[in-house]
>>> print(open('start.tsv').read())   # TSV, C-alpha atoms and all ligand atoms
chain	number	residue	atom	x	y	z
A	9	MET	CA	0.00	0.00	0.00
A	10	THR	CA	1.33	3.44	-0.80
A	11	VAL	CA	1.21	5.65	2.23
A	12	THR	CA	-0.16	8.99	1.24
A	13	PRO	CA	-0.58	11.84	3.70
A	14	THR	CA	-4.25	10.94	4.14
A	15	HIS	CA	-3.22	7.60	5.65
A	16	TYR	CA	-1.50	9.22	8.58
A	17	GLN	CA	-3.25	9.02	11.91
A	18	VAL	CA	-4.14	12.65	12.22
A	19	THR	CA	-2.07	13.09	15.32
A	20	ASP	CA	0.29	10.19	14.81
A	21	ARG	CA	1.90	9.40	18.13
A	22	ASN	CA	5.40	9.80	16.68
A	23	LEU	CA	4.58	13.43	16.09
A	24	ALA	CA	4.95	14.07	19.80
A	25	LEU	CA	8.61	13.22	19.64
A	26	GLU	CA	9.10	15.17	16.42
A	27	LEU	CA	7.48	18.13	18.08
A	28	VAL	CA	9.90	18.13	20.98
A	29	ARG	CA	12.74	18.76	18.56
A	30	VAL	CA	11.00	21.98	17.56
A	31	THR	CA	10.84	23.40	21.07
A	32	GLU	CA	14.32	22.08	21.88
A	33	ALA	CA	15.78	23.87	18.87
A	34	ALA	CA	14.07	27.13	19.81
A	35	ALA	CA	15.16	26.87	23.44
A	36	VAL	CA	18.79	26.21	22.59
A	37	ALA	CA	18.78	29.20	20.20
A	38	ALA	CA	17.14	31.48	22.76
A	39	SER	CA	19.53	30.38	25.49
A	40	ALA	CA	22.38	32.13	23.70
A	41	TRP	CA	20.58	35.35	24.73
A	42	THR	CA	19.75	34.45	28.33
A	43	GLY	CA	20.63	37.32	30.66
A	44	ARG	CA	21.82	39.64	27.89
A	45	GLY	CA	18.99	42.12	28.26
A	46	LYS	CA	17.97	41.76	24.61
A	47	LYS	CA	14.48	40.35	24.43
A	48	ASN	CA	13.96	40.97	20.72
A	49	GLU	CA	17.16	39.18	19.79
A	50	ALA	CA	16.22	36.25	22.03
A	51	ASP	CA	12.76	36.10	20.50
A	52	GLY	CA	14.15	36.36	16.97
A	53	ALA	CA	16.61	33.51	17.57
A	54	ALA	CA	13.81	31.29	18.93
A	55	VAL	CA	11.48	32.08	16.02
A	56	GLU	CA	14.14	31.38	13.42
A	57	ALA	CA	15.20	28.08	15.01
A	58	MET	CA	11.63	26.94	15.51
A	59	ARG	CA	10.73	27.65	11.94
A	60	ARG	CA	13.69	25.67	10.61
A	61	ALA	CA	12.99	22.74	12.91
A	62	PHE	CA	9.38	22.57	11.68
A	63	ASP	CA	10.70	21.72	8.19
A	64	THR	CA	11.33	18.16	9.40
A	65	VAL	CA	7.93	17.55	10.96
A	66	ALA	CA	5.63	15.35	8.88
A	67	ILE	CA	2.59	17.61	8.84
A	68	ASN	CA	0.91	20.10	6.62
A	69	GLY	CA	0.66	22.75	9.28
A	70	THR	CA	-0.95	26.15	9.35
A	71	VAL	CA	0.07	28.55	12.07
A	72	VAL	CA	-3.16	29.74	13.67
A	73	ILE	CA	-1.53	31.18	16.79
A	74	GLY	CA	1.76	32.85	16.01
A	75	GLU	CA	3.94	35.88	16.09
A	76	GLY	CA	1.31	38.34	14.91
A	77	GLU	CA	-0.13	39.02	11.48
A	78	MET	CA	1.87	38.60	8.31
A	79	ASP	CA	2.72	42.28	7.89
A	80	GLU	CA	3.93	42.58	11.50
A	81	ALA	CA	6.26	39.60	11.83
A	82	PRO	CA	8.61	38.09	9.31
A	83	MET	CA	8.25	34.52	10.54
A	84	LEU	CA	5.74	32.15	12.03
A	85	PHE	CA	2.96	34.60	11.30
A	86	ILE	CA	-0.69	33.62	11.43
A	87	GLY	CA	-1.53	31.78	8.23
A	88	GLU	CA	2.04	30.65	7.55
A	89	ARG	CA	2.35	27.08	6.28
A	90	VAL	CA	4.97	24.90	7.93
A	91	GLY	CA	5.98	21.24	7.95
A	92	ALA	CA	7.36	18.65	5.56
A	93	GLY	CA	3.93	17.49	4.35
A	94	GLY	CA	1.39	15.20	5.99
A	95	PRO	CA	-1.96	15.63	7.70
A	96	ALA	CA	-3.48	19.11	7.81
A	97	MET	CA	-3.04	20.49	11.30
A	98	ASP	CA	-3.47	23.70	13.25
A	99	ILE	CA	-0.34	24.95	14.94
A	100	ALA	CA	-0.04	27.27	17.91
A	101	VAL	CA	3.40	28.62	18.76
A	102	ASP	CA	5.02	30.90	21.26
A	103	PRO	CA	8.67	30.55	20.21
A	104	LEU	CA	9.73	32.31	23.39
A	105	GLU	CA	7.16	32.56	26.17
A	106	GLY	CA	8.76	34.97	28.60
A	107	THR	CA	11.02	37.09	26.40
A	108	ASN	CA	11.68	39.36	29.39
A	109	LEU	CA	12.37	36.37	31.62
A	110	CYS	CA	15.00	35.18	29.16
A	111	ALA	CA	16.53	38.66	28.74
A	112	LYS	CA	16.75	39.07	32.53
A	113	ASN	CA	17.63	35.42	33.28
A	114	LEU	CA	14.55	35.02	35.47
A	115	PRO	CA	12.80	31.64	35.94
A	116	ASN	CA	10.20	30.07	33.65
A	117	ALA	CA	11.13	31.22	30.13
A	118	LEU	CA	9.88	28.45	27.80
A	119	THR	CA	9.53	27.65	24.15
A	120	VAL	CA	6.05	26.31	23.37
A	121	VAL	CA	4.24	24.56	20.53
A	122	ALA	CA	0.86	22.88	20.32
A	123	LEU	CA	-0.79	20.97	17.48
A	124	ALA	CA	-4.43	20.10	16.86
A	125	GLU	CA	-6.38	18.67	14.00
A	126	GLU	CA	-7.32	21.34	11.52
A	127	GLY	CA	-10.02	23.64	12.89
A	128	HIS	CA	-9.65	22.57	16.51
A	129	PHE	CA	-7.96	25.65	17.99
A	130	LEU	CA	-9.67	28.94	18.68
A	131	HIS	CA	-8.20	31.43	16.26
A	132	ALA	CA	-7.20	34.06	18.77
A	133	PRO	CA	-5.79	37.37	17.63
A	134	ASP	CA	-3.01	39.01	19.61
A	135	ILE	CA	-5.27	40.50	22.28
A	136	TYR	CA	-5.92	39.68	25.92
A	137	MET	CA	-7.91	36.79	27.31
A	138	ASP	CA	-9.39	36.38	30.79
A	139	LYS	CA	-8.44	32.96	32.11
A	140	ILE	CA	-9.28	30.71	35.01
A	141	VAL	CA	-7.52	27.35	35.48
A	142	VAL	CA	-7.75	24.65	38.13
A	143	GLY	CA	-6.35	21.14	38.23
A	144	PRO	CA	-7.76	17.64	37.68
A	145	ASN	CA	-9.97	15.48	39.95
A	146	LEU	CA	-12.29	18.30	40.96
A	147	PRO	CA	-16.06	18.52	40.41
A	148	GLU	CA	-16.88	19.83	36.96
A	149	ASN	CA	-17.19	23.62	36.86
A	150	VAL	CA	-16.06	23.94	40.47
A	151	VAL	CA	-14.94	27.46	39.60
A	152	ASP	CA	-16.39	29.87	37.06
A	153	LEU	CA	-14.91	32.81	35.23
A	154	ASP	CA	-18.01	34.86	35.99
A	155	ALA	CA	-18.13	34.08	39.70
A	156	SER	CA	-16.45	36.34	42.25
A	157	VAL	CA	-12.93	35.60	43.50
A	158	GLU	CA	-14.49	34.91	46.89
A	159	ALA	CA	-17.01	32.39	45.54
A	160	ASN	CA	-14.34	30.62	43.49
A	161	LEU	CA	-11.94	30.33	46.42
A	162	LYS	CA	-14.69	29.05	48.71
A	163	ALA	CA	-15.80	26.43	46.19
A	164	LEU	CA	-12.24	25.35	45.48
A	165	ALA	CA	-11.34	25.07	49.15
A	166	ALA	CA	-14.43	22.95	49.81
A	167	ALA	CA	-13.74	20.69	46.82
A	168	LYS	CA	-10.12	20.20	47.84
A	169	GLY	CA	-10.95	19.73	51.50
A	170	LYS	CA	-8.64	22.60	52.36
A	171	ASP	CA	-8.91	25.78	54.33
A	172	ILE	CA	-8.91	28.94	52.15
A	173	ARG	CA	-5.72	29.98	53.95
A	174	GLU	CA	-4.00	26.96	52.43
A	175	LEU	CA	-4.91	27.94	48.87
A	176	MET	CA	-2.40	29.53	46.51
A	177	LEU	CA	-3.74	31.73	43.72
A	178	CYS	CA	-1.38	32.67	40.93
A	179	THR	CA	-1.68	35.71	38.66
A	180	LEU	CA	0.46	38.09	36.63
A	181	ASP	CA	1.79	41.03	38.65
A	182	ARG	CA	-0.09	43.77	36.81
A	183	PRO	CA	-2.12	46.78	38.04
A	184	ARG	CA	-5.16	45.29	36.26
A	185	HIS	CA	-5.07	42.41	38.74
A	186	GLU	CA	-5.08	44.52	41.91
A	187	ASP	CA	-8.70	43.67	42.58
A	188	ILE	CA	-8.12	39.90	42.26
A	189	ILE	CA	-5.01	40.07	44.45
A	190	GLY	CA	-6.72	42.17	47.13
A	191	ARG	CA	-9.81	39.98	47.27
A	192	ALA	CA	-7.83	36.75	47.40
A	193	ARG	CA	-5.61	38.03	50.20
A	194	SER	CA	-8.50	39.40	52.20
A	195	MET	CA	-10.06	35.93	52.04
A	196	GLY	CA	-6.83	34.65	53.59
A	197	ALA	CA	-5.47	32.94	50.48
A	198	ARG	CA	-1.86	33.29	49.39
A	199	VAL	CA	-0.98	34.86	46.06
A	200	THR	CA	1.96	34.13	43.78
A	201	LEU	CA	2.74	37.10	41.56
A	202	LEU	CA	4.48	36.46	38.27
A	203	SER	CA	6.38	39.05	36.29
A	204	ASP	CA	5.62	37.07	33.10
A	205	GLY	CA	4.73	33.63	31.85
A	206	ASP	CA	1.13	32.56	32.31
A	207	VAL	CA	1.40	29.39	30.19
A	208	ALA	CA	3.71	27.81	32.75
A	209	ALA	CA	1.46	29.12	35.52
A	210	ALA	CA	-1.67	27.55	34.00
A	211	ILE	CA	0.12	24.20	33.77
A	212	ALA	CA	1.44	24.59	37.33
A	213	ALA	CA	-2.14	24.96	38.56
A	214	CYS	CA	-2.87	21.50	37.13
A	215	LEU	CA	0.13	19.59	38.44
A	216	GLU	CA	-0.03	17.94	41.83
A	217	ASN	CA	3.58	18.57	42.80
A	218	ASN	CA	3.02	22.28	42.67
A	219	GLU	CA	1.69	24.67	45.27
A	220	VAL	CA	-0.53	26.63	42.88
A	221	ASP	CA	-4.23	25.79	43.27
A	222	ILE	CA	-5.74	28.26	40.81
A	223	TYR	CA	-4.54	30.52	38.04
A	224	LEU	CA	-6.70	33.59	37.50
A	225	GLY	CA	-6.41	36.76	35.47
A	226	SER	CA	-5.84	38.12	32.00
A	227	GLY	CA	-2.88	37.51	29.74
A	228	GLY	CA	-2.26	36.97	26.07
A	229	ALA	CA	-4.99	35.20	24.08
A	230	PRO	CA	-2.37	33.22	22.12
A	231	GLU	CA	-0.99	32.04	25.46
A	232	GLY	CA	-4.57	31.13	26.40
A	233	VAL	CA	-4.78	28.72	23.46
A	234	LEU	CA	-1.41	27.16	24.31
A	235	ALA	CA	-2.43	26.85	27.95
A	236	ALA	CA	-5.74	25.25	26.92
A	237	ALA	CA	-3.90	22.62	24.86
A	238	ALA	CA	-1.74	21.80	27.88
A	239	VAL	CA	-4.66	21.83	30.32
A	240	ARG	CA	-6.49	19.32	28.07
A	241	CYS	CA	-3.49	17.00	28.30
A	242	VAL	CA	-3.28	17.17	32.10
A	243	HIS	CA	-7.08	16.91	32.59
A	244	GLY	CA	-7.43	20.29	34.25
A	245	GLN	CA	-10.31	22.73	33.92
A	246	MET	CA	-10.14	26.10	32.18
A	247	GLN	CA	-12.47	28.82	30.99
A	248	GLY	CA	-11.58	31.94	29.05
A	249	ARG	CA	-12.99	35.03	27.42
A	250	LEU	CA	-11.41	37.21	24.77
A	251	LEU	CA	-11.10	40.82	25.91
A	252	PHE	CA	-11.55	43.54	23.32
A	253	GLU	CA	-10.11	47.00	23.72
A	254	ASP	CA	-11.72	48.41	20.57
A	255	ASP	CA	-13.91	47.58	17.58
A	256	THR	CA	-10.94	46.79	15.36
A	257	GLN	CA	-9.95	43.95	17.67
A	258	LEU	CA	-13.53	42.74	17.79
A	259	GLU	CA	-13.83	42.73	14.01
A	260	ARG	CA	-10.56	40.81	13.67
A	261	ALA	CA	-11.75	38.15	16.08
A	262	LYS	CA	-15.09	37.89	14.27
A	263	LYS	CA	-13.30	37.38	10.96
A	264	MET	CA	-11.04	34.72	12.45
A	265	ASN	CA	-13.93	32.72	13.95
A	266	PRO	CA	-16.94	33.28	11.70
A	267	GLY	CA	-20.37	32.56	13.11
A	268	ALA	CA	-19.42	32.60	16.81
A	269	ASP	CA	-19.96	35.37	19.34
A	270	PRO	CA	-16.35	36.44	20.00
A	271	SER	CA	-17.16	37.83	23.47
A	272	ARG	CA	-18.74	34.65	24.82
A	273	LYS	CA	-17.35	32.72	27.75
A	274	LEU	CA	-15.21	29.96	26.32
A	275	ASP	CA	-15.04	26.47	27.72
A	276	LEU	CA	-11.83	24.52	27.50
A	277	THR	CA	-12.93	22.71	24.35
A	278	ASP	CA	-14.05	25.96	22.72
A	279	ILE	CA	-10.38	26.94	22.91
A	280	ALA	CA	-8.70	23.61	22.10
A	281	SER	CA	-10.62	20.49	21.10
A	282	GLY	CA	-9.96	17.03	19.65
A	283	ASP	CA	-6.63	15.30	19.96
A	284	VAL	CA	-3.97	17.86	20.87
A	285	LEU	CA	-0.23	17.63	21.27
A	286	PHE	CA	1.84	19.99	23.34
A	287	SER	CA	5.57	20.48	23.78
A	288	ALA	CA	7.51	22.99	25.87
A	289	THR	CA	11.24	23.23	26.54
A	290	GLY	CA	12.77	25.24	29.38
A	291	VAL	CA	15.07	28.11	28.47
A	292	THR	CA	15.64	29.34	32.02
A	293	GLY	CA	14.96	26.91	34.85
A	294	GLY	CA	11.60	27.23	36.58
A	295	THR	CA	8.78	25.51	38.41
A	296	LEU	CA	7.87	23.37	35.41
A	297	LEU	CA	11.15	22.64	33.68
A	298	ARG	CA	14.86	23.02	34.12
A	299	GLY	CA	16.62	25.43	31.77
A	300	ILE	CA	19.29	24.86	29.16
A	301	SER	CA	22.64	23.80	30.58
A	302	GLN	CA	26.02	22.65	29.25
A	303	ASN	CA	28.03	19.66	30.39
A	304	ASN	CA	31.31	18.49	28.83
A	305	GLY	CA	30.39	19.73	25.39
A	306	TRP	CA	26.80	18.48	25.57
A	307	THR	CA	23.88	20.87	25.60
A	308	ILE	CA	21.13	19.59	27.86
A	309	THR	CA	17.45	20.34	27.34
A	310	HIS	CA	14.42	19.57	29.49
A	311	SER	CA	11.03	19.35	27.84
A	312	LEU	CA	7.47	18.42	28.65
A	313	VAL	CA	5.67	16.64	25.81
A	314	MET	CA	2.02	15.69	26.13
A	315	ARG	CA	-0.79	14.25	24.08
A	316	SER	CA	-4.43	14.51	25.10
A	317	LYS	CA	-5.71	11.37	23.38
A	318	SER	CA	-3.19	8.93	24.80
A	319	GLY	CA	-3.02	10.70	28.15
A	320	THR	CA	0.75	10.69	28.05
A	321	LEU	CA	2.92	13.21	29.76
A	322	ARG	CA	6.65	12.85	29.15
A	323	PHE	CA	9.50	14.75	30.68
A	324	VAL	CA	12.22	14.46	28.06
A	325	GLU	CA	15.85	15.18	28.84
A	326	GLY	CA	17.88	15.74	25.68
A	327	HIS	CA	21.66	15.67	25.42
A	328	HIS	CA	22.83	17.34	22.22
A	329	ASP	CA	26.29	17.30	20.72
A	330	PHE	CA	26.46	20.29	18.44
A	331	SER	CA	29.81	19.27	16.99
A	332	THR	CA	27.90	16.70	14.93
A	333	LYS	CA	24.29	17.74	15.15
A	334	THR	CA	22.05	19.92	13.06
A	335	TRP	CA	18.34	20.30	13.70
A	336	ARG	CA	17.44	19.29	10.16
B	401	LIG	O1	2.71	41.77	29.75
B	401	LIG	P1	1.23	41.75	29.46
B	401	LIG	O2	0.84	42.76	28.44
B	401	LIG	O3	0.41	41.81	30.71
B	401	LIG	O4	0.92	40.33	28.74
B	401	LIG	C1	0.94	39.12	29.42
B	401	LIG	C2	1.48	38.04	28.51
B	401	LIG	O5	2.89	38.27	28.29
B	401	LIG	C3	3.63	37.19	28.85
B	401	LIG	O6	3.90	37.44	30.21
B	401	LIG	C4	4.95	37.01	28.10
B	401	LIG	O7	4.77	36.65	26.76
B	401	LIG	P2	5.92	36.90	25.65
B	401	LIG	O8	7.25	36.75	26.29
B	401	LIG	O9	5.65	35.81	24.65
B	401	LIG	O10	5.73	38.25	25.07
B	401	LIG	C5	2.66	36.01	28.75
B	401	LIG	O11	2.98	34.94	29.60
B	401	LIG	C6	1.36	36.67	29.12
B	401	LIG	O12	0.25	35.96	28.63
B	402	MN	MN	4.12	34.66	25.34
B	403	MN	MN	6.62	35.12	22.96
>>> encode(input="start.tsv", output="structure tokens")
Amino acid sequence: MTVTPTHYQVTDRNLALELVRVTEAAAVAASAWTGRGKKNEADGAAVEAMRRAFDTVAINGTVVIGEGEMDEAPMLFIGERVGAGGPAMDIAVDPLEGTNLCAKNLPNALTVVALAEEGHFLHAPDIYMDKIVVGPNLPENVVDLDASVEANLKALAAAKGKDIRELMLCTLDRPRHEDIIGRARSMGARVTLLSDGDVAAAIAACLENNEVDIYLGSGGAPEGVLAAAAVRCVHGQMQGRLLFEDDTQLERAKKMNPGADPSRKLDLTDIASGDVLFSATGVTGGTLLRGISQNNGWTITHSLVMRSKSGTLRFVEGHHDFSTKTWR
């Protein structure tokens, strides 16, 4: 039988391991800029490396979440086609999630990619999204984006059999979150404030070995899609809502997702549905992953690769010898 692209399993399990090469390549490239105070250079290096690494992945991919619109970014723009040929898939990328974190050598800078079958990611423009994330093994809809911080913390504490004082809420350290922070603290909960990086924070809220119980607040909508892909894989719960600052943004979102009300509350599967794959590699070490390091000529990478359908979560440690290796 001749194997044509249509005979591929849409998200062939081998793709997960191909995908990790993409985030590894981007992370190694970005790591050359760690601590150098140059976020654009770090971002550019990650984008370039990610794009090249995609050339080896057996998919017919369309970037639906990327580095802006075509006229704004030279590479990995929304609508760009990537891959070596294969099944048609939606791609979401954040080549460097935490450009500032990388530039300042602060924890939790990651490179991130997610894949879904064509049409299974929300097409989110580069605007903000309100997000709420909690972990697995909790009653369905235990928290709600439209409920008050107080109601959500009470419900979560009851479901977890914890006192509210034991709960840890995580949010980005921004003036727009003052209300959330104040309310959470006055309920007695603890608050982790992040300078950047809400994809890692959303995942942290879903992992048992982490002290975060709930992620709440607004961040990038593209990061919301990447977080949703990850949350699907780790069986967490998430809701979101796109936030529009003006009519132009609203019109763009309408065009990207015809027929749907762009301001509606989004359930997890409105953001990422079907079989999704996710890969992230640490650039600087953090709560989720260790960063890039060197040992005796080897470059060492730490990645998290997940697939929703198979329920597999792999922490992959890569040792790369760049005297012999190329990414493609
Ligand atoms: O800094 P803002 O405008 O609040 O945006 C928050 C978004 O920026 C980040 O902190 C960093 O993202 P980038 O490094 O990809 O720009 C995201 O984690 C978050 O979703
Ligand atoms: Mn980002
Ligand atoms: Mn980025």
>>> residues_near_ligand(input="start.tsv", ligand="ligand MN 403 (chain B)", cutoff="6 Å", atoms="only C-alpha atoms and all ligand atoms", output="tab-separated table (two decimals) with C-alpha atoms, in the frame of the given file")
chain	number	residue	atom	x	y	z
A	102	ASP	CA	5.02	30.90	21.26
A	103	PRO	CA	8.67	30.55	20.21
A	104	LEU	CA	9.73	32.31	23.39
A	105	GLU	CA	7.16	32.56	26.17
A	107	THR	CA	11.02	37.09	26.40
>>> residues_around(input="start.tsv", residues="Asp154 in chain A", least_positions_apart="4", cutoff="12 Å", atoms="all atoms listed in the file", output="PyMOL selection string")
chain A and resi 138-140+149-150+158-160+224-225+247-249+272-274
>>> closest_residue(input="start.tsv", among="A:His327, A:Ala24, A:Asn48, A:Leu146", to="Ala66 in chain A", atoms="all atoms listed in the file")
A:Ala24
>>> closest_atom_pairs(input="start.tsv", of="chain A", to="ligand LIG 401 (chain B)", cutoff="9 Å", atoms="all atoms listed in the file", output="CSV")
residue,atom,partner,partner_atom,distance
A:Lys47,CA,B:LIG401,O8,8.3
A:Asp51,CA,B:LIG401,O8,8.0
A:Glu75,CA,B:LIG401,O9,8.7
A:Asp102,CA,B:LIG401,O9,6.0
A:Pro103,CA,B:LIG401,O9,7.5
A:Leu104,CA,B:LIG401,O9,5.5
A:Glu105,CA,B:LIG401,O9,3.9
A:Gly106,CA,B:LIG401,O8,3.3
A:Thr107,CA,B:LIG401,O8,3.8
A:Asn108,CA,B:LIG401,O8,6.0
A:Leu109,CA,B:LIG401,O8,7.4
A:Cys110,CA,B:LIG401,O8,8.4
A:Ala117,CA,B:LIG401,O8,7.8
A:Leu118,CA,B:LIG401,O8,8.8
A:Ile135,CA,B:LIG401,O4,8.9
A:Tyr136,CA,B:LIG401,O4,7.4
A:Met137,CA,B:LIG401,O12,8.3
A:Leu180,CA,B:LIG401,O3,7.0
A:Asp181,CA,B:LIG401,O3,8.1
A:Arg182,CA,B:LIG401,O3,6.4
A:Arg184,CA,B:LIG401,O3,8.6
A:Leu202,CA,B:LIG401,O6,8.1
A:Ser203,CA,B:LIG401,O6,6.8
A:Asp204,CA,B:LIG401,O6,3.4
A:Gly205,CA,B:LIG401,O11,3.1
A:Asp206,CA,B:LIG401,O11,4.1
A:Val207,CA,B:LIG401,O11,5.8
A:Ala208,CA,B:LIG401,O11,7.8
A:Ala209,CA,B:LIG401,O11,8.4
A:Ser226,CA,B:LIG401,O12,7.3
A:Gly227,CA,B:LIG401,O12,3.7
A:Gly228,CA,B:LIG401,O12,3.7
A:Ala229,CA,B:LIG401,O12,7.0
A:Pro230,CA,B:LIG401,O12,7.5
A:Glu231,CA,B:LIG401,O12,5.2
A:Gly232,CA,B:LIG401,O12,7.2
>>> closest_residue(input="start.tsv", among="A:Leu175, A:Val141, A:Ala61, A:Ala35", to="Gly293 in chain A", atoms="only C-alpha atoms")
A:Ala35
>>> axis_aligned_box(input="start.tsv", around="range 260-275 of chain A", padding_each_side="8 Å", output="AutoDock Vina command-line options")
--center_x -15.5 --center_y 33.6 --center_z 19.4 --size_x 25.8 --size_y 30.3 --size_z 32.8
>>> atom_distance(input="start.tsv", atom1="CA of Ala122 in chain A", atom2="CA of Ile300 in chain A")
20.5 Å
>>> closest_residue(input="start.tsv", among="A:Asp329, A:Asp134, A:Glu49, A:Asp254", to="ligand MN 402 (chain B)", atoms="all atoms listed in the file")
A:Asp134
>>> atom_distance(input="start.tsv", atom1="CA of Val284 in chain A", atom2="CA of Pro144 in chain A")
17.2 Å
>>> atom_distance(input="start.tsv", atom1="CA of Ser301 in chain A", atom2="CA of Ala57 in chain A")
17.8 Å
>>> build_atoms(input="start.tsv", residues="range 255-266 of chain A", atoms="N, CA and C atoms", output="short mmCIF file (atom, residue, chain, number, x, y, z; two decimals), keeping the file's coordinate frame")
data_model
loop_
_atom_site.label_atom_id
_atom_site.label_comp_id
_atom_site.auth_asym_id
_atom_site.auth_seq_id
_atom_site.Cartn_x
_atom_site.Cartn_y
_atom_site.Cartn_z
N ASP A 255 -13.13 48.28 18.61
CA ASP A 255 -13.91 47.58 17.58
C ASP A 255 -13.03 46.87 16.56
N THR A 256 -11.84 47.44 16.34
CA THR A 256 -10.94 46.79 15.36
C THR A 256 -10.59 45.39 15.83
N GLN A 257 -10.27 45.27 17.11
CA GLN A 257 -9.95 43.95 17.67
C GLN A 257 -11.14 43.02 17.56
N LEU A 258 -12.31 43.56 17.85
CA LEU A 258 -13.53 42.74 17.79
C LEU A 258 -13.77 42.23 16.37
N GLU A 259 -13.61 43.12 15.41
CA GLU A 259 -13.83 42.73 14.01
C GLU A 259 -12.83 41.67 13.58
N ARG A 260 -11.59 41.80 14.03
CA ARG A 260 -10.56 40.81 13.67
C ARG A 260 -10.93 39.44 14.22
N ALA A 261 -11.39 39.43 15.47
CA ALA A 261 -11.75 38.15 16.08
C ALA A 261 -12.95 37.53 15.38
N LYS A 262 -13.89 38.39 14.97
CA LYS A 262 -15.09 37.89 14.27
C LYS A 262 -14.68 37.24 12.95
N LYS A 263 -13.75 37.90 12.25
CA LYS A 263 -13.30 37.38 10.96
C LYS A 263 -12.57 36.04 11.13
N MET A 264 -11.83 35.94 12.23
CA MET A 264 -11.04 34.72 12.45
C MET A 264 -11.91 33.54 12.84
N ASN A 265 -13.05 33.80 13.49
CA ASN A 265 -13.93 32.72 13.95
C ASN A 265 -15.36 33.02 13.50
N PRO A 266 -15.63 32.87 12.21
CA PRO A 266 -16.94 33.28 11.70
C PRO A 266 -18.08 32.51 12.38
#
